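*Asks:* Below: one structure in structure tokens.
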Number of protein chains: 2
Amino acid sequence: MSSPQIPVHKGLEDIYVKESKICYIDGERSKLFYRGYDIDDLVKYSTFEEVSYLLLYGKLPNRKELNEFQKSIRDSYTLNPEVIKLLEIFRRDTHPMDLLRTCISYLSTFDDSPKDQSLEKNLSRVIKIIGSIPTILGTFDRIRRGKKPIEPNPKLNLASHFLYLLRGKEPKERDAKIMDTALILHAEHEMNASTFACTVTASTKSDIYSSITSGIGTLKGPLHGGANEEALRMFLEIGSIDKVKPYLDELFVKGKKVMGFGHRIYKNYDPRYRILKEIAKEMSKERGNHKLFEIALKVEEEVLKRLEKYNIYPNVDFYSGLVFYFLNIPIDFFTCVFTMGRVVGWSAHIIEYWMDNRLIRPKALYKGELNLPYKPIEQRE
Amino acid sequence: MSSPQIPVHKGLEDIYVKESKICYIDGERSKLFYRGYDIDDLVKYSTFEEVSYLLLYGKLPNRKELNEFQKSIRDSYTLNPEVIKLLEIFRRDTHPMDLLRTCISYLSTFDDSPKDQSLEKNLSRVIKIIGSIPTILGTFDRIRRGKKPIEPNPKLNLASHFLYLLRGKEPKERDAKIMDTALILHAEHEMNASTFACTVTASTKSDIYSSITSGIGTLKGPLHGGANEEALRMFLEIGSIDKVKPYLDELFVKGKKVMGFGHRIYKNYDPRYRILKEIAKEMSKERGNHKLFEIALKVEEEVLKRLEKYNIYPNVDFYSGLVFYFLNIPIDFFTCVFTMGRVVGWSAHIIEYWMDNRLIRPKALYKGELNLPYKPIEQRE
């Protein structure tokens, strides 16, 4: 069973686990498509709600469909009072990703018909989850700062609503638009680790809450969504342009990774990085805060000098943290903002997988001993 | 990118995702080994605590090591009062797997040093989780029945402790021994779906709580751990021997699966099934309750007539439910009992994976359109 010719696909690199009509990444040409639409077009013309509909239903909505969909999402802004009760018992220093994972898991206990696994019912659960996340986060942020939570406002779109709950007042149109763009850019990205975790959980015919809970726990890791928070903390830690080189020298000597760099699929610039960099640049001008952007720029330049020859480029997480920082989102919320968007892609993949479900059950190649004799405890070393 | 010759490994059947020294399943010869030891020997001579040590540390413990390990597990029987508070706010009709998934996720928020990802610290987290699960379940069962939770008793081993918390009195030796055997049999089973979900989550360098939370949500599904509950419910629903044939006729006509049958690796009898069947048989005699066992026996016989030619045999879940039922464990707890054992195998695999971590990031084969023109909403159908 351990003959040397058996291939082990560690990391499942280049292994296709399903067919899909949701997303295509052209890693050579730096292109990203959701349901066949170029991400550049979607950022320019669309909204997060419309993109969510597109990902979940497979087509762009007409006016009536979009209105209904938006209404359902906004109806979900208001949490069950028992969820608020849960938010109140969390320690104030809880990492928001731990909180979010726990809360989404908890939402399952309010499902009125858990046996109903119809497509329609699952879509309604998904909508509920999408609409709940900003309120969960915004409410917790108020609670942990000792402030009274803001009442949800169903007049706002999801991006504005999140900023509204954090700030206690409606964001300016410009901030709302940037937040919306960020959500579009994070909504979906093919069979990444968290989407795959959702799929593995779904494949046992478990439920949508379990699956999305797996996604959140997986996105949390620094090799995945956790990178945006770490990239921004790195810029802050460096503190000034002249410290970029020595900082990176030390990092490279220690053999550590630079957060926000590299991607298994892109062998060229990540198209989401380009858009977010442009936004970060404009925001740094608008806010008169050039320093942090310039540090980021310098880090990028220095790292590229060392890694471009290996086709390692900045990814979505390199500038997104800076954008969130300029939006005054708490740093420990960055990966949660990623989740606010990505939950849509997760759901689309779970639903697609259930259309033609197959239990995901790979193998491990055994490299240990066999038929060991059981020794009584007194005879053991 | 969608040329027909690209293989899609749906379900990852026969794909090896890592090398491992934890478990070997000999599916042809009906043999199962934990760390090289035959499961038959472990059931005969060992205990769940000893097997847990074996799986986690890679060797059978000597007396001192076992004593220390047992002490650490027993120290974890007592929950943080804030976890009890959480148990009290759950709806009484919450599915225990939803509850357990939420509680383990919540445990993360009490970690005193989340940045410490050393092996030693992770092992101490694992021990904490292993020891907590019976108390979480037992306490919730008392609460939902309107009874006062039982104080944990660190004098009991884990199997006895679980029955003690449910029943309010110490179990007889015979029941405790059966429970212990069931836990040993459920402790580990190579790269099954839930263990794989744990591994995918761990691969982003997320944390042990996130990973085990993914495992619980994945085990919940009826194509995995959820099967033991469903198998027992089937026996109860059938109700009498003469109804077995018509029940199965209908099931097969409808093309439905028989729960507790079939396994991707075993092409012969599951060795765990053999042991559990023997126990169920003895228990049915001891309790003078022959009916349910005979129904199970008849279901087995009738299904084998139809499926043995396809190498489909009963698996671990077919008789385990009956054993749990005879132990007076609530039916909706059955998959949680599976979890009480399997959490050990999950943890062993997570820890082994982290020794040589690689991000798990497969691909989806794109089968949709590309370069669709974005139409303004008014022009859409």
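Letters A, B, ... mark the chains of the structure tokens in the order given; residue numbers begin at 1 per chain; ligand numbers begin at 1, in order shown.
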When the cut-off is 6 Å and we count only C-alpha atoms, which residues of chain B are near chain A, given as number ranges by chain?

*Replies:* B: 8-21, 36-37, 62, 94, 102, 105-106, 109, 191-193, 197, 200-201, 204-206, 210, 214, 217-218, 220-221, 223-224, 358-372, 377, 380

*Asks:* Residues of stretch 143-364 of chain A classed as strand (DSSP E or B) by DSSP on the backbone are to be reported as an MDAnalysis selection string.

*Replies:* chainID A and resid 261 314 363:364

*Asks:* Excluding stretch 278-293 of chain B and its own-chain neighbours fewer than 4 positions away, which residues fall within 12 Å of it when counting only C-alpha atoms? Please give them as a PDB file with N, CA and C atoms, in the first residue's frame.

*Replies:*
ATOM      1  N   VAL B  43      -9.729  -2.749  21.119  1.00  0.00           N
ATOM      2  CA  VAL B  43     -11.027  -2.931  21.768  1.00  0.00           C
ATOM      3  C   VAL B  43     -10.903  -3.929  22.920  1.00  0.00           C
ATOM      4  N   ARG B 174     -20.615  -2.610  33.081  1.00  0.00           N
ATOM      5  CA  ARG B 174     -20.907  -3.153  31.741  1.00  0.00           C
ATOM      6  C   ARG B 174     -21.253  -2.027  30.744  1.00  0.00           C
ATOM      7  N   ASP B 175     -22.143  -1.107  31.123  1.00  0.00           N
ATOM      8  CA  ASP B 175     -22.520   0.011  30.248  1.00  0.00           C
ATOM      9  C   ASP B 175     -21.308   0.901  29.957  1.00  0.00           C
ATOM     10  N   LYS B 177     -18.225   0.097  29.953  1.00  0.00           N
ATOM     11  CA  LYS B 177     -17.293  -0.612  29.071  1.00  0.00           C
ATOM     12  C   LYS B 177     -17.789  -0.549  27.613  1.00  0.00           C
ATOM     13  N   ILE B 178     -19.075  -0.724  27.419  1.00  0.00           N
ATOM     14  CA  ILE B 178     -19.638  -0.663  26.057  1.00  0.00           C
ATOM     15  C   ILE B 178     -19.454   0.735  25.471  1.00  0.00           C
ATOM     16  N   MET B 179     -19.742   1.732  26.289  1.00  0.00           N
ATOM     17  CA  MET B 179     -19.570   3.112  25.841  1.00  0.00           C
ATOM     18  C   MET B 179     -18.110   3.361  25.456  1.00  0.00           C
ATOM     19  N   THR B 181     -15.903   1.179  24.468  1.00  0.00           N
ATOM     20  CA  THR B 181     -15.619   0.470  23.215  1.00  0.00           C
ATOM     21  C   THR B 181     -16.143   1.254  22.015  1.00  0.00           C
ATOM     22  N   ALA B 182     -17.357   1.777  22.144  1.00  0.00           N
ATOM     23  CA  ALA B 182     -17.941   2.553  21.041  1.00  0.00           C
ATOM     24  C   ALA B 182     -17.062   3.763  20.724  1.00  0.00           C
ATOM     25  N   ALA B 231     -30.372   5.432  10.810  1.00  0.00           N
ATOM     26  CA  ALA B 231     -30.534   3.973  10.776  1.00  0.00           C
ATOM     27  C   ALA B 231     -31.442   3.521  11.924  1.00  0.00           C
ATOM     28  N   LEU B 232     -31.179   4.062  13.114  1.00  0.00           N
ATOM     29  CA  LEU B 232     -31.999   3.660  14.264  1.00  0.00           C
ATOM     30  C   LEU B 232     -33.450   4.103  14.091  1.00  0.00           C
ATOM     31  N   ARG B 233     -33.625   5.317  13.558  1.00  0.00           N
ATOM     32  CA  ARG B 233     -34.995   5.799  13.334  1.00  0.00           C
ATOM     33  C   ARG B 233     -35.719   4.897  12.332  1.00  0.00           C
ATOM     34  N   MET B 234     -34.964   4.394  11.368  1.00  0.00           N
ATOM     35  CA  MET B 234     -35.547   3.472  10.398  1.00  0.00           C
ATOM     36  C   MET B 234     -36.040   2.198  11.093  1.00  0.00           C
ATOM     37  N   PHE B 235     -35.222   1.623  11.982  1.00  0.00           N
ATOM     38  CA  PHE B 235     -35.652   0.408  12.689  1.00  0.00           C
ATOM     39  C   PHE B 235     -36.934   0.679  13.491  1.00  0.00           C
ATOM     40  N   LEU B 236     -36.959   1.826  14.157  1.00  0.00           N
ATOM     41  CA  LEU B 236     -38.132   2.178  14.962  1.00  0.00           C
ATOM     42  C   LEU B 236     -39.358   2.371  14.080  1.00  0.00           C
ATOM     43  N   GLU B 237     -39.144   3.018  12.943  1.00  0.00           N
ATOM     44  CA  GLU B 237     -40.257   3.306  12.027  1.00  0.00           C
ATOM     45  C   GLU B 237     -40.823   2.007  11.452  1.00  0.00           C
ATOM     46  N   ILE B 238     -39.955   1.082  11.119  1.00  0.00           N
ATOM     47  CA  ILE B 238     -40.407  -0.203  10.572  1.00  0.00           C
ATOM     48  C   ILE B 238     -41.280  -0.914  11.603  1.00  0.00           C
ATOM     49  N   GLY B 239     -40.795  -0.977  12.842  1.00  0.00           N
ATOM     50  CA  GLY B 239     -41.650  -1.396  13.955  1.00  0.00           C
ATOM     51  C   GLY B 239     -41.844  -2.886  14.154  1.00  0.00           C
ATOM     52  N   SER B 240     -41.860  -3.681  13.089  1.00  0.00           N
ATOM     53  CA  SER B 240     -41.995  -5.134  13.270  1.00  0.00           C
ATOM     54  C   SER B 240     -41.383  -5.867  12.078  1.00  0.00           C
ATOM     55  N   ILE B 241     -40.959  -7.106  12.368  1.00  0.00           N
ATOM     56  CA  ILE B 241     -40.226  -7.906  11.381  1.00  0.00           C
ATOM     57  C   ILE B 241     -40.974  -8.013  10.044  1.00  0.00           C
ATOM     58  N   ASP B 242     -42.279  -8.231  10.114  1.00  0.00           N
ATOM     59  CA  ASP B 242     -43.046  -8.467   8.875  1.00  0.00           C
ATOM     60  C   ASP B 242     -43.121  -7.213   7.999  1.00  0.00           C
ATOM     61  N   VAL B 244     -40.484  -5.290   7.397  1.00  0.00           N
ATOM     62  CA  VAL B 244     -39.156  -4.979   6.860  1.00  0.00           C
ATOM     63  C   VAL B 244     -39.156  -5.027   5.336  1.00  0.00           C
ATOM     64  N   PRO B 271     -14.934  -3.828   9.934  1.00  0.00           N
ATOM     65  CA  PRO B 271     -14.613  -4.529  11.189  1.00  0.00           C
ATOM     66  C   PRO B 271     -15.314  -3.916  12.402  1.00  0.00           C
ATOM     67  N   ARG B 272     -15.593  -2.627  12.330  1.00  0.00           N
ATOM     68  CA  ARG B 272     -16.286  -1.967  13.433  1.00  0.00           C
ATOM     69  C   ARG B 272     -17.736  -2.436  13.519  1.00  0.00           C
ATOM     70  N   TYR B 273     -18.297  -2.691  12.356  1.00  0.00           N
ATOM     71  CA  TYR B 273     -19.663  -3.221  12.285  1.00  0.00           C
ATOM     72  C   TYR B 273     -19.755  -4.556  13.013  1.00  0.00           C
ATOM     73  N   ARG B 274     -18.752  -5.419  12.778  1.00  0.00           N
ATOM     74  CA  ARG B 274     -18.805  -6.755  13.386  1.00  0.00           C
ATOM     75  C   ARG B 274     -18.825  -6.664  14.900  1.00  0.00           C
ATOM     76  N   LEU B 297     -31.493  -7.011  12.122  1.00  0.00           N
ATOM     77  CA  LEU B 297     -30.934  -8.221  11.509  1.00  0.00           C
ATOM     78  C   LEU B 297     -31.630  -8.516  10.182  1.00  0.00           C
ATOM     79  N   LYS B 298     -32.944  -8.381  10.202  1.00  0.00           N
ATOM     80  CA  LYS B 298     -33.738  -8.667   9.004  1.00  0.00           C
ATOM     81  C   LYS B 298     -33.457  -7.614   7.913  1.00  0.00           C
ATOM     82  N   VAL B 299     -33.351  -6.353   8.334  1.00  0.00           N
ATOM     83  CA  VAL B 299     -33.014  -5.301   7.358  1.00  0.00           C
ATOM     84  C   VAL B 299     -31.670  -5.630   6.719  1.00  0.00           C
ATOM     85  N   GLU B 300     -30.711  -5.992   7.551  1.00  0.00           N
ATOM     86  CA  GLU B 300     -29.377  -6.318   7.063  1.00  0.00           C
ATOM     87  C   GLU B 300     -29.445  -7.445   6.031  1.00  0.00           C
ATOM     88  N   PHE B 318     -24.524   1.149  11.137  1.00  0.00           N
ATOM     89  CA  PHE B 318     -25.724   0.313  11.089  1.00  0.00           C
ATOM     90  C   PHE B 318     -26.142  -0.178  12.475  1.00  0.00           C
ATOM     91  N   TYR B 319     -25.206  -0.668  13.272  1.00  0.00           N
ATOM     92  CA  TYR B 319     -25.556  -1.150  14.617  1.00  0.00           C
ATOM     93  C   TYR B 319     -25.191  -0.188  15.735  1.00  0.00           C
ATOM     94  N   SER B 320     -24.375   0.844  15.455  1.00  0.00           N
ATOM     95  CA  SER B 320     -23.964   1.734  16.549  1.00  0.00           C
ATOM     96  C   SER B 320     -25.178   2.426  17.165  1.00  0.00           C
ATOM     97  N   GLY B 321     -26.136   2.826  16.328  1.00  0.00           N
ATOM     98  CA  GLY B 321     -27.336   3.485  16.830  1.00  0.00           C
ATOM     99  C   GLY B 321     -28.087   2.598  17.808  1.00  0.00           C
ATOM    100  N   LEU B 322     -28.137   1.319  17.492  1.00  0.00           N
ATOM    101  CA  LEU B 322     -28.830   0.366  18.356  1.00  0.00           C
ATOM    102  C   LEU B 322     -28.122   0.264  19.717  1.00  0.00           C
ATOM    103  N   VAL B 323     -26.806   0.233  19.665  1.00  0.00           N
ATOM    104  CA  VAL B 323     -26.022   0.189  20.913  1.00  0.00           C
ATOM    105  C   VAL B 323     -26.292   1.444  21.746  1.00  0.00           C
ATOM    106  N   PHE B 324     -26.253   2.609  21.103  1.00  0.00           N
ATOM    107  CA  PHE B 324     -26.503   3.865  21.829  1.00  0.00           C
ATOM    108  C   PHE B 324     -27.934   3.883  22.394  1.00  0.00           C
ATOM    109  N   TYR B 325     -28.846   3.339  21.622  1.00  0.00           N
ATOM    110  CA  TYR B 325     -30.253   3.282  22.049  1.00  0.00           C
ATOM    111  C   TYR B 325     -30.385   2.426  23.305  1.00  0.00           C
ATOM    112  N   PHE B 326     -29.723   1.281  23.308  1.00  0.00           N
ATOM    113  CA  PHE B 326     -29.764   0.405  24.481  1.00  0.00           C
ATOM    114  C   PHE B 326     -29.074   1.054  25.682  1.00  0.00           C
ATOM    115  N   LEU B 327     -28.150   1.963  25.410  1.00  0.00           N
ATOM    116  CA  LEU B 327     -27.495   2.694  26.509  1.00  0.00           C
ATOM    117  C   LEU B 327     -28.343   3.885  26.992  1.00  0.00           C
ATOM    118  N   ASN B 328     -29.562   3.982  26.440  1.00  0.00           N
ATOM    119  CA  ASN B 328     -30.475   5.086  26.799  1.00  0.00           C
ATOM    120  C   ASN B 328     -29.941   6.468  26.451  1.00  0.00           C
TER     121      ASN B 328
END

*Asks:* Please identify the alpha helix (DSSP H) residues within stretch 63-242 of chain B (assignment by DSSP from backbone atoms) and present them as a PyMOL selection string.

*Replies:* chain B and resi 63-75+81-89+96-107+119-144+158-167+173-186+193-202+208-219+227-238

*Asks:* Identify, on the basis of only C-alpha atoms, every residue whose closest approach to stretch 339-342 of chain A does not exceed 7 Å; exclude the query and any residue fewer than 3 positions from it along the same chain; express the result as a list in words.

*Replies:*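 After dropping sequence-adjacent residues, the list is Ile130, Ile133, Leu183, Ile184, His186, Ala187, Glu188, Ile216, Thr335, Cys336, Gly345 and Trp346 of chain A.
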
*Asks:* Could you state the separation of atom CA of B:Gly255 and atom CA of A:His349 in Å, given to one decimal place?

*Replies:*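 We find that atom CA of B:Gly255 and atom CA of A:His349 lie 25.7 Å from each other.
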
*Asks:* Mind pulling up the distance from atom CA of B:Val337 to atom CA of B:Ile295?

*Replies:* 23.0 Å

*Asks:* Atom CA of B:Asp180 to atom CA of B:Glu49: how many Å, to one decimal?

*Replies:*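 One can read the atom CA of B:Asp180 to atom CA of B:Glu49 distance as 8.9 Å.
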